[in-house]
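Printed here is coords.cif (mmCIF, C-alpha atoms and all ligand atoms):
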data_coords
#
loop_
_atom_site.label_atom_id
_atom_site.label_comp_id
_atom_site.auth_asym_id
_atom_site.auth_seq_id
_atom_site.Cartn_x
_atom_site.Cartn_y
_atom_site.Cartn_z
CA MET A 1 -68.85 -7.45 61.23
CA ARG A 2 -71.07 -8.48 58.36
CA VAL A 3 -72.87 -6.42 55.80
CA ASP A 4 -75.95 -6.57 53.65
CA ALA A 5 -77.62 -3.70 51.87
CA ARG A 6 -79.63 -2.20 54.71
CA ILE A 7 -78.45 -3.73 57.95
CA ILE A 8 -74.89 -3.72 59.16
CA HIS A 9 -74.02 -6.16 61.92
CA VAL A 10 -71.28 -4.62 64.02
CA GLU A 11 -69.43 -6.44 66.75
CA ILE A 12 -68.58 -4.29 69.75
CA ASP A 13 -66.88 -5.90 72.75
CA GLY A 14 -68.00 -9.37 71.70
CA GLU A 15 -71.62 -8.34 71.18
CA THR A 16 -73.28 -7.94 67.80
CA ILE A 17 -75.53 -4.96 67.25
CA GLN A 18 -77.54 -4.04 64.17
CA CYS A 19 -76.88 -0.64 62.65
CA THR A 20 -77.93 1.30 59.58
CA PRO A 21 -75.54 3.07 57.26
CA ARG A 22 -75.75 6.88 57.55
CA GLY A 23 -76.36 8.79 54.32
CA ARG A 24 -73.19 10.74 54.86
CA LEU A 25 -71.18 7.53 54.59
CA PHE A 26 -72.21 6.96 50.97
CA LYS A 27 -71.70 10.58 49.98
CA GLU A 28 -68.20 10.98 51.39
CA GLU A 29 -66.94 7.82 49.75
CA THR A 30 -68.29 8.73 46.33
CA GLU A 31 -66.69 12.17 46.47
CA ASP A 32 -63.32 10.78 47.49
CA LYS A 33 -63.20 8.19 44.70
CA PRO A 34 -60.88 5.91 46.65
CA GLU A 35 -58.65 3.25 45.13
CA GLY A 36 -58.94 4.17 41.51
CA GLY A 37 -62.63 4.95 40.99
CA GLU A 38 -66.11 5.11 42.36
CA MET A 39 -67.27 2.39 44.75
CA LYS A 40 -70.65 0.71 44.79
CA ASN A 41 -70.48 -0.10 48.48
CA PRO A 42 -68.79 2.22 50.98
CA ILE A 43 -68.54 -0.50 53.59
CA ALA A 44 -67.63 -4.16 53.49
CA VAL A 45 -67.15 -7.16 55.71
CA GLY A 46 -64.01 -6.76 57.82
CA ASP A 47 -64.26 -2.97 57.96
CA GLN A 48 -63.73 -1.18 61.22
CA VAL A 49 -66.32 1.51 61.74
CA SER A 50 -67.36 4.23 64.13
CA VAL A 51 -70.92 3.99 65.39
CA GLY A 52 -73.11 6.84 66.61
CA HIS A 53 -75.50 5.79 69.35
CA ASP A 54 -77.91 8.72 69.06
CA GLY A 55 -80.33 6.95 66.72
CA ASN A 56 -82.42 3.81 66.78
CA PRO A 57 -81.07 1.71 65.21
CA PRO A 58 -77.61 3.21 65.74
CA GLY A 59 -75.86 4.49 62.63
CA VAL A 60 -72.51 3.63 61.13
CA GLU A 61 -70.97 7.06 60.62
CA ALA A 62 -67.53 6.38 59.21
CA VAL A 63 -65.26 3.65 57.95
CA LEU A 64 -61.80 3.72 59.51
CA PRO A 65 -58.75 3.61 57.22
CA ARG A 66 -58.23 0.15 55.73
CA ARG A 67 -55.13 -2.01 55.87
CA ASN A 68 -56.20 -3.56 52.57
CA ALA A 69 -59.33 -4.12 50.50
CA LEU A 70 -60.25 -6.70 47.90
CA VAL A 71 -62.15 -4.95 45.10
CA ARG A 72 -63.65 -6.17 41.85
CA VAL A 73 -65.69 -4.52 39.08
CA ALA A 74 -69.26 -4.65 40.42
CA SER A 75 -70.83 -6.29 37.35
CA SER A 76 -70.83 -6.24 33.57
CA HIS A 77 -73.43 -3.45 33.78
CA ASP A 78 -71.80 -1.51 36.59
CA PRO A 79 -68.18 -0.33 36.25
CA ARG A 80 -67.93 0.82 39.87
CA GLY A 81 -65.75 -1.01 42.34
CA GLN A 82 -67.30 -3.49 44.74
CA VAL A 83 -65.36 -4.05 47.93
CA LEU A 84 -65.67 -7.72 48.86
CA CYS A 85 -63.80 -7.51 52.15
CA ALA A 86 -61.28 -5.39 53.99
CA ASN A 87 -58.50 -5.79 56.54
CA VAL A 88 -57.76 -9.46 55.95
CA ASP A 89 -54.48 -11.28 56.61
CA GLN A 90 -54.60 -13.60 53.62
CA LEU A 91 -56.70 -15.16 50.90
CA LEU A 92 -56.63 -18.87 50.18
CA VAL A 93 -57.86 -20.08 46.83
CA VAL A 94 -59.60 -23.40 47.33
CA GLY A 95 -59.45 -25.14 43.97
CA SER A 96 -60.69 -28.65 43.52
CA LEU A 97 -58.87 -30.83 41.02
CA GLN A 98 -62.09 -32.35 39.69
CA GLU A 99 -65.81 -31.71 40.21
CA PRO A 100 -65.47 -28.84 39.46
CA ARG A 101 -62.23 -28.96 37.50
CA PHE A 102 -59.43 -26.58 38.49
CA SER A 103 -59.66 -23.26 36.63
CA SER A 104 -56.40 -21.38 36.17
CA ASN A 105 -58.28 -18.40 34.78
CA ARG A 106 -60.46 -18.04 37.88
CA THR A 107 -57.46 -18.59 40.13
CA ASP A 108 -55.12 -16.18 38.38
CA ARG A 109 -57.66 -13.34 38.42
CA ILE A 110 -58.03 -13.40 42.16
CA LEU A 111 -54.29 -13.85 42.69
CA SER A 112 -53.55 -10.75 40.60
CA ALA A 113 -56.20 -8.77 42.48
CA CYS A 114 -54.68 -9.81 45.81
CA HIS A 115 -51.18 -9.00 44.64
CA HIS A 116 -52.38 -5.52 43.66
CA ALA A 117 -54.19 -5.14 47.00
CA ASN A 118 -51.19 -6.34 49.03
CA ILE A 119 -53.00 -9.40 50.32
CA THR A 120 -50.90 -12.55 50.84
CA THR A 121 -52.22 -15.60 48.99
CA GLY A 122 -51.99 -19.36 49.14
CA LEU A 123 -53.46 -22.21 47.13
CA VAL A 124 -55.30 -25.21 48.54
CA LEU A 125 -55.74 -27.97 45.97
CA ASN A 126 -58.57 -30.10 47.26
CA LYS A 127 -60.08 -33.43 46.20
CA THR A 128 -56.69 -35.08 45.63
CA ASP A 129 -58.62 -38.37 45.94
CA LEU A 130 -60.12 -37.55 42.52
CA ASP A 131 -56.79 -36.74 40.89
CA ARG A 132 -56.44 -39.62 38.50
CA ASP A 133 -54.22 -37.97 35.88
CA GLY A 134 -51.63 -36.53 38.27
CA SER A 135 -52.47 -32.91 37.51
CA ALA A 136 -52.13 -31.93 41.19
CA GLU A 137 -48.32 -31.94 41.08
CA GLU A 138 -48.23 -29.98 37.84
CA ILE A 139 -50.62 -27.29 39.14
CA ALA A 140 -48.74 -27.13 42.44
CA ALA A 141 -45.43 -26.62 40.60
CA THR A 142 -46.93 -23.80 38.52
CA TYR A 143 -48.01 -21.84 41.58
CA ARG A 144 -44.90 -22.59 43.62
CA ALA A 145 -42.96 -21.07 40.71
CA ALA A 146 -45.13 -17.97 41.21
CA GLY A 147 -43.88 -17.80 44.80
CA MET A 148 -46.93 -19.25 46.50
CA GLU A 149 -47.49 -21.73 49.25
CA VAL A 150 -49.48 -24.67 47.87
CA LEU A 151 -51.22 -27.29 49.97
CA LEU A 152 -52.74 -30.54 48.73
CA THR A 153 -55.80 -31.75 50.62
CA SER A 154 -58.60 -34.25 50.47
CA ALA A 155 -61.32 -33.08 52.83
CA LYS A 156 -63.12 -36.33 52.10
CA GLU A 157 -60.21 -38.46 53.27
CA SER A 158 -59.14 -35.99 55.97
CA SER A 159 -55.71 -35.60 54.43
CA GLY A 160 -53.85 -32.31 54.72
CA LEU A 161 -56.33 -30.97 57.26
CA GLU A 162 -53.73 -30.31 59.94
CA ALA A 163 -51.62 -28.28 57.56
CA PHE A 164 -54.78 -26.44 56.45
CA ALA A 165 -55.56 -25.61 60.08
CA GLU A 166 -52.03 -24.28 60.55
CA LEU A 167 -52.49 -21.96 57.57
CA LEU A 168 -55.55 -20.47 59.26
CA ARG A 169 -54.15 -20.22 62.77
CA GLY A 170 -54.47 -16.78 64.32
CA LYS A 171 -55.40 -15.12 61.03
CA THR A 172 -58.33 -13.62 59.19
CA THR A 173 -58.55 -15.60 55.97
CA VAL A 174 -60.71 -15.23 52.90
CA LEU A 175 -61.67 -18.59 51.40
CA TYR A 176 -62.16 -18.16 47.69
CA GLY A 177 -63.09 -20.70 45.07
CA ALA A 178 -65.79 -22.11 42.86
CA SER A 179 -68.88 -23.40 44.57
CA GLY A 180 -68.55 -27.13 45.18
CA GLY A 181 -64.76 -27.05 45.56
CA GLY A 182 -64.92 -28.09 49.21
CA LYS A 183 -64.62 -24.90 51.31
CA SER A 184 -67.37 -25.89 53.73
CA THR A 185 -66.11 -29.44 54.02
CA LEU A 186 -62.55 -28.27 54.77
CA ILE A 187 -63.71 -25.87 57.50
CA ASN A 188 -65.97 -28.51 58.92
CA GLY A 189 -63.02 -30.86 59.04
CA ILE A 190 -61.14 -28.58 61.43
CA GLN A 191 -64.14 -27.30 63.35
CA PRO A 192 -67.08 -29.70 63.22
CA GLY A 193 -70.31 -27.79 63.50
CA LEU A 194 -69.10 -24.65 61.78
CA ASP A 195 -70.96 -25.04 58.54
CA LEU A 196 -70.58 -22.19 56.07
CA LYS A 197 -73.62 -23.44 54.18
CA THR A 198 -75.86 -23.28 57.24
CA ALA A 199 -74.68 -19.73 57.74
CA ARG A 200 -75.56 -18.88 54.16
CA ILE A 201 -79.08 -20.19 54.58
CA SER A 202 -79.73 -18.50 57.89
CA ALA A 203 -78.43 -15.28 56.41
CA HIS A 204 -80.99 -15.63 53.70
CA TRP A 205 -83.81 -16.05 56.18
CA ASN A 206 -82.47 -13.27 58.33
CA THR A 207 -82.67 -10.59 55.72
CA GLY A 208 -85.68 -12.01 53.93
CA ARG A 209 -84.00 -11.33 50.63
CA HIS A 210 -82.77 -13.65 47.94
CA THR A 211 -79.12 -12.96 47.99
CA THR A 212 -76.11 -14.97 47.01
CA SER A 213 -73.39 -12.32 47.16
CA TYR A 214 -73.31 -12.23 50.87
CA SER A 215 -70.19 -12.50 52.96
CA GLN A 216 -69.69 -12.89 56.64
CA LEU A 217 -66.87 -13.30 59.11
CA HIS A 218 -66.98 -16.68 60.84
CA ARG A 219 -65.07 -17.29 64.03
CA VAL A 220 -63.03 -20.51 63.90
CA GLU A 221 -62.24 -21.22 67.55
CA ALA A 222 -60.19 -24.32 66.80
CA VAL A 223 -57.47 -22.20 65.18
CA ASP A 224 -58.11 -18.88 66.95
CA GLY A 225 -58.90 -17.32 63.60
CA TRP A 226 -61.63 -15.97 61.35
CA VAL A 227 -62.71 -16.92 57.86
CA VAL A 228 -64.58 -14.88 55.29
CA ASP A 229 -66.66 -16.94 52.95
CA THR A 230 -67.25 -15.49 49.48
CA PRO A 231 -70.32 -17.25 48.12
CA GLY A 232 -71.78 -16.60 44.72
CA ILE A 233 -68.80 -14.91 43.04
CA ARG A 234 -68.76 -16.25 39.52
CA THR A 235 -66.78 -13.59 37.69
CA PHE A 236 -63.98 -11.59 39.15
CA ARG A 237 -62.95 -8.62 37.00
CA LEU A 238 -60.00 -6.68 38.28
CA PHE A 239 -60.64 -3.12 39.41
CA GLY A 240 -58.34 -0.15 39.81
CA LEU A 241 -55.33 -1.26 37.81
CA ASN A 242 -54.36 -0.57 34.22
CA ASN A 243 -52.99 -3.05 31.70
CA LEU A 244 -49.34 -2.16 32.38
CA GLN A 245 -49.76 -2.74 36.11
CA LEU A 246 -50.95 -6.29 35.46
CA ARG A 247 -47.37 -7.42 34.67
CA GLU A 248 -46.28 -6.73 38.23
CA THR A 249 -48.90 -9.13 39.58
CA TYR A 250 -47.22 -12.13 37.89
CA PRO A 251 -44.12 -12.64 40.07
CA GLU A 252 -42.63 -15.35 37.83
CA PHE A 253 -42.33 -12.82 34.96
CA ALA A 254 -39.79 -10.75 36.89
CA ALA A 255 -36.77 -12.94 36.08
CA TYR A 256 -37.24 -12.41 32.31
CA ALA A 257 -39.00 -9.07 31.89
CA ASP A 258 -35.85 -6.96 31.54
CA GLN A 259 -34.74 -9.07 28.55
CA CYS A 260 -37.68 -8.01 26.34
CA HIS A 261 -36.74 -5.96 23.29
CA PHE A 262 -39.07 -3.12 24.26
CA PRO A 263 -38.37 -1.76 27.72
CA ASN A 264 -42.11 -1.18 28.25
CA CYS A 265 -43.15 -4.51 26.68
CA ALA A 266 -46.69 -5.56 27.60
CA HIS A 267 -45.78 -9.21 26.80
CA ASP A 268 -48.72 -9.29 24.41
CA HIS A 269 -47.06 -10.79 21.32
CA GLU A 270 -44.60 -7.93 20.80
CA PRO A 271 -41.47 -8.98 18.85
CA ASP A 272 -38.58 -10.39 20.91
CA CYS A 273 -40.64 -10.73 24.05
CA ALA A 274 -38.66 -12.62 26.70
CA ILE A 275 -41.85 -13.67 28.51
CA PHE A 276 -43.27 -15.24 25.37
CA ASP A 277 -39.92 -17.00 24.77
CA ALA A 278 -39.92 -18.28 28.36
CA VAL A 279 -43.40 -19.74 27.84
CA GLU A 280 -42.25 -21.43 24.61
CA ALA A 281 -39.20 -22.83 26.43
CA GLY A 282 -41.40 -24.27 29.19
CA LYS A 283 -40.06 -21.93 31.89
CA ILE A 284 -43.34 -20.10 32.47
CA ALA A 285 -46.59 -22.09 32.65
CA PRO A 286 -48.70 -21.65 29.49
CA THR A 287 -51.85 -21.56 31.64
CA ARG A 288 -50.52 -18.53 33.51
CA TYR A 289 -49.59 -16.77 30.29
CA ALA A 290 -53.03 -17.53 28.79
CA SER A 291 -54.82 -16.02 31.77
CA TYR A 292 -52.48 -13.02 31.67
CA VAL A 293 -53.33 -12.27 28.02
CA GLU A 294 -57.04 -12.68 28.67
CA ILE A 295 -57.08 -10.33 31.65
CA LEU A 296 -54.84 -7.88 29.80
CA ASP A 297 -57.52 -7.48 27.13
CA GLU A 298 -60.06 -6.41 29.74
CA LEU A 299 -57.96 -3.69 31.32
CA ALA A 300 -57.68 -0.12 30.09
CA PRO A 301 -54.32 1.39 29.19
CA PRO A 302 -52.93 4.04 31.52
CA PRO A 303 -54.11 7.54 30.60
CA ASP A 304 -51.98 9.17 27.84
CA ASP A 305 -51.52 12.25 29.93
CA ALA A 306 -50.40 10.38 33.04
CA GLY A 307 -48.44 12.76 35.19
CA THR A 308 -49.70 15.91 33.46
CA VAL A 309 -51.82 18.23 35.54
CA LEU A 310 -54.54 19.71 33.36
CA PRO A 311 -56.00 23.20 33.78
CA PRO A 312 -59.40 23.01 35.56
CA GLU A 313 -61.56 23.46 32.39
CA GLU A 314 -59.90 20.56 30.62
CA ALA A 315 -60.12 18.33 33.65
CA GLY A 316 -63.90 18.68 33.49
CA PHE A 317 -64.49 21.00 36.45
CA GLU A 318 -66.87 23.93 36.13
P1 LIG A 401 -68.16 -25.39 48.84
O1 LIG A 401 -69.29 -24.97 47.95
O2 LIG A 401 -66.84 -24.90 48.32
O3 LIG A 401 -68.37 -25.04 50.27
O4 LIG A 401 -68.07 -27.00 48.70
P2 LIG A 401 -68.57 -28.15 49.72
O5 LIG A 401 -67.71 -28.19 50.93
O6 LIG A 401 -70.03 -28.00 49.95
O7 LIG A 401 -68.29 -29.46 48.86
C1 LIG A 401 -68.99 -29.77 47.67
C2 LIG A 401 -69.06 -31.28 47.47
O8 LIG A 401 -67.75 -31.80 47.33
C3 LIG A 401 -69.67 -32.01 48.66
O9 LIG A 401 -70.49 -33.03 48.16
C4 LIG A 401 -68.48 -32.58 49.39
O10 LIG A 401 -68.81 -33.77 50.09
C5 LIG A 401 -67.53 -32.85 48.27
N1 LIG A 401 -66.12 -32.82 48.69
C6 LIG A 401 -65.51 -31.90 49.49
N2 LIG A 401 -64.21 -32.18 49.65
C7 LIG A 401 -63.97 -33.30 48.92
C8 LIG A 401 -62.79 -34.10 48.68
O11 LIG A 401 -61.67 -33.83 49.16
N3 LIG A 401 -62.95 -35.17 47.85
C9 LIG A 401 -64.14 -35.50 47.29
N4 LIG A 401 -64.20 -36.56 46.49
N5 LIG A 401 -65.27 -34.79 47.51
C10 LIG A 401 -65.18 -33.71 48.32
ZN ZN A 402 -42.29 -8.91 26.80
#

Would you mind giving the structure from this file in structure tokens?
Amino acid sequence: MRVDARIIHVEIDGETIQCTPRGRLFKEETEDKPEGGEMKNPIAVGDQVSVGHDGNPPGVEAVLPRRNALVRVASSHDPRGQVLCANVDQLLVVGSLQEPRFSSNRTDRILSACHHANITTGLVLNKTDLDRDGSAEEIAATYRAAGMEVLLTSAKESSGLEAFAELLRGKTTVLYGASGGGKSTLINGIQPGLDLKTARISAHWNTGRHTTSYSQLHRVEAVDGWVVDTPGIRTFRLFGLNNLQLRETYPEFAAYADQCHFPNCAHDHEPDCAIFDAVEAGKIAPTRYASYVEILDELAPPPDDAGTVLPPEEAGFE
């Protein structure tokens, strides 16, 4: 299935039909406030839906319960959640070592979001042919210490492509990474002819709208899998978690966290913080800690009255 604002392409028994979202769909979702707040889009690529055939075009009437959903803050002007995709098996960050340079901040944001959403992650470090200063091994070690599978590839030199194909085999995979990192080239390397870029352009012509934030499921026959491309995502702000929940999304903190002086330490320069000490001692990567502190600043604290049920007037109901 793929989604743009007005037309929803739904696959039924191998055939794709065009549907419209029913008004009810938007209303129900807004009233439910799922996953920690209001959503901008009630339906996303990867969703399973029920379709009513009594209209022309047919209408999407409901979204079936999701296995998982990747959600970000819609934009700097819109605090609602934006669901980027649902029901995926894994997300692979494709980070190039150079051109563009690897960004730990961009990487760590999406990894934390996936951790929170229960989506397995992996890291593909591409363009190893451009790695002149040996940073590939250092970056790989950082993310292996965070419990992740890391693969080194050069799509240009066709190295690591077999292992990349094995990562995708039989799964629905989100490919995430800065534009220019090599996502299209990698996919093309395992299935020549499947060009994510071509799909982006035809999508543009299809809808007649200038859109960059458009995602689609692509069948990758060669590995019996699917990939979701995520073009045009420049900023990923985490949605639906508070600043104390962020700690849990950094797996390499777990070994030290119970040695902090304050049992509820946010690891944000509190005295006697074992995480800070571990960074100083070279046991936790400084890049990971830097991204942690930056994301932490963007997240709200948990509500003071967490766990207290307010009387209806105070909770804002009439
Ligand atoms: P996407 O935006 O992530 O889909 O990136 P592309 O696949 O379009 O790649 C962007 C540019 O990087 C293209 O010019 C590719 O030829 C080039 N590129 C892709 N993989 C590699 C690689 O492993 N090494 C080098 N040197 N260039 C690559
Ligand atoms: Zn601490």

For this session: Identify, on the basis of all atoms listed in the file, every residue whose closest approach to Ser112 in chain A does not exceed 9 Å; exclude the query and any residue fewer than 2 positions from it along the same chain; express the result as a PyMOL selection string.
Result: chain A and resi 107-110+114-117+238+246+248-250

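For the set A:Ala155, A:Ala140, A:Ile275, A:Ala178, the residue with the smallest atom-to-atom gap to Arg101 in chain A is A:Ala178, counting only C-alpha atoms.
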
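Where the distance criterion is 10 Å and the atoms used are all atoms listed in the file, the residues close to ligand ZN 402 (chain A) are Arg247, Phe253, Tyr256, Ala257, Asp258, Gln259, Cys260, His261, Phe262, Pro263, Asn264, Cys265, Ala266, His267, Asp268, His269, Glu270, Pro271, Asp272, Cys273, Ala274, Ile275, Phe276, Asp277 and Ala278 of chain A.
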
Exercise. Quick one: residues within 7 Å of Thr20 in chain A, all atoms listed in the file counted, chain neighbours fewer than 5 positions away excluded, as a ChimeraX atom specification?
Worked result: /A:6-8,57-60

Exercise. CA of Leu217 in chain A and atom C3 of ligand LIG 401 (chain A), how far apart in Å?
Worked result: 21.6 Å

Exercise. Can you tell me which residues sit at most 6 Å away from ligand LIG 401 (chain A), counting all atoms listed in the file, written as a list in words?
Worked result: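 These are the residues that qualify: Asn126, Lys127, Asp129, Leu130, Ser154, Ala155, Lys156, Ser179, Gly180, Gly181, Gly182, Lys183, Ser184 and Thr185 of chain A.
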
Exercise. Please, what distance in Å, to one decimal, runs between CA of His218 in chain A and CA of Phe239 in chain A?
Worked result: 26.1 Å

Problem set entry | Computed interatomic separation between CA of Val228 in chain A and CA of Leu91 in chain A (Å) | 9.0 Å

For this session: Find the residue from A:Leu244, A:Ala74, A:Ala146, A:Leu97 that sits nearest to Arg132 in chain A; use all atoms listed in the file when measuring.
Result: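 Going through A:Leu244, A:Ala74, A:Ala146, A:Leu97 one by one, the smallest distance to Arg132 in chain A is for A:Leu97.
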
Problem set entry | Residues within 7 Å of (-67.7, -7.5, 53.1), file coords, all atoms listed in the file, listed as a PyMOL selection string | chain A and resi 2-3+44-46+83-86+215-216

Emit the selected residues as a PDB file, in the frame of the given file, including C-alpha atoms.
ATOM      1  CA  ARG A   2     -71.070  -8.480  58.360  1.00  0.00           C
ATOM      2  CA  VAL A   3     -72.870  -6.420  55.800  1.00  0.00           C
ATOM      3  CA  ALA A  44     -67.630  -4.160  53.490  1.00  0.00           C
ATOM      4  CA  VAL A  45     -67.150  -7.160  55.710  1.00  0.00           C
ATOM      5  CA  GLY A  46     -64.010  -6.760  57.820  1.00  0.00           C
ATOM      6  CA  VAL A  83     -65.360  -4.050  47.930  1.00  0.00           C
ATOM      7  CA  LEU A  84     -65.670  -7.720  48.860  1.00  0.00           C
ATOM      8  CA  CYS A  85     -63.800  -7.510  52.150  1.00  0.00           C
ATOM      9  CA  ALA A  86     -61.280  -5.390  53.990  1.00  0.00           C
ATOM     10  CA  SER A 215     -70.190 -12.500  52.960  1.00  0.00           C
ATOM     11  CA  GLN A 216     -69.690 -12.890  56.640  1.00  0.00           C
TER      12      GLN A 216
END

For this session: Rank A:Leu168, A:Leu175, A:Val93, A:Leu25 by their smallest atom-to-atom distance to Asp224 in chain A, using all atoms listed in the file, and report the top residue only.
Result: A:Leu168

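Distances from A:Thr230, A:Ser158, A:Ser104, A:Asn242 to Glu138 in chain A were compared using only C-alpha atoms, and the smallest one belongs to A:Ser104.
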
For this session: Give the answer as one residue: which of A:Asn68, A:Asn56, A:Asn105, A:Thr235 has the shortest atom-to-atom distance to Arg22 in chain A, using all atoms listed in the file?
Result: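 Smallest separation from Arg22 in chain A among the options: A:Asn56.
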
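You can rank A:Ile139, A:Ala62, A:Leu167, A:Ile17 by their closest distance to Pro286 in chain A using all atoms listed in the file, and at the top of that list sits A:Ile139.
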
Exercise. Using only C-alpha atoms, which residues sit within 6 Å of Asp89 in chain A once same-chain residues fewer than 2 positions away are excluded, as a PyMOL selection string?
Worked result: chain A and resi 171-173

Problem set entry | Contacts of Tyr143 in chain A at 12 Å (only C-alpha atoms; same-chain gap of 2+ positions) as a count of residues only | 30
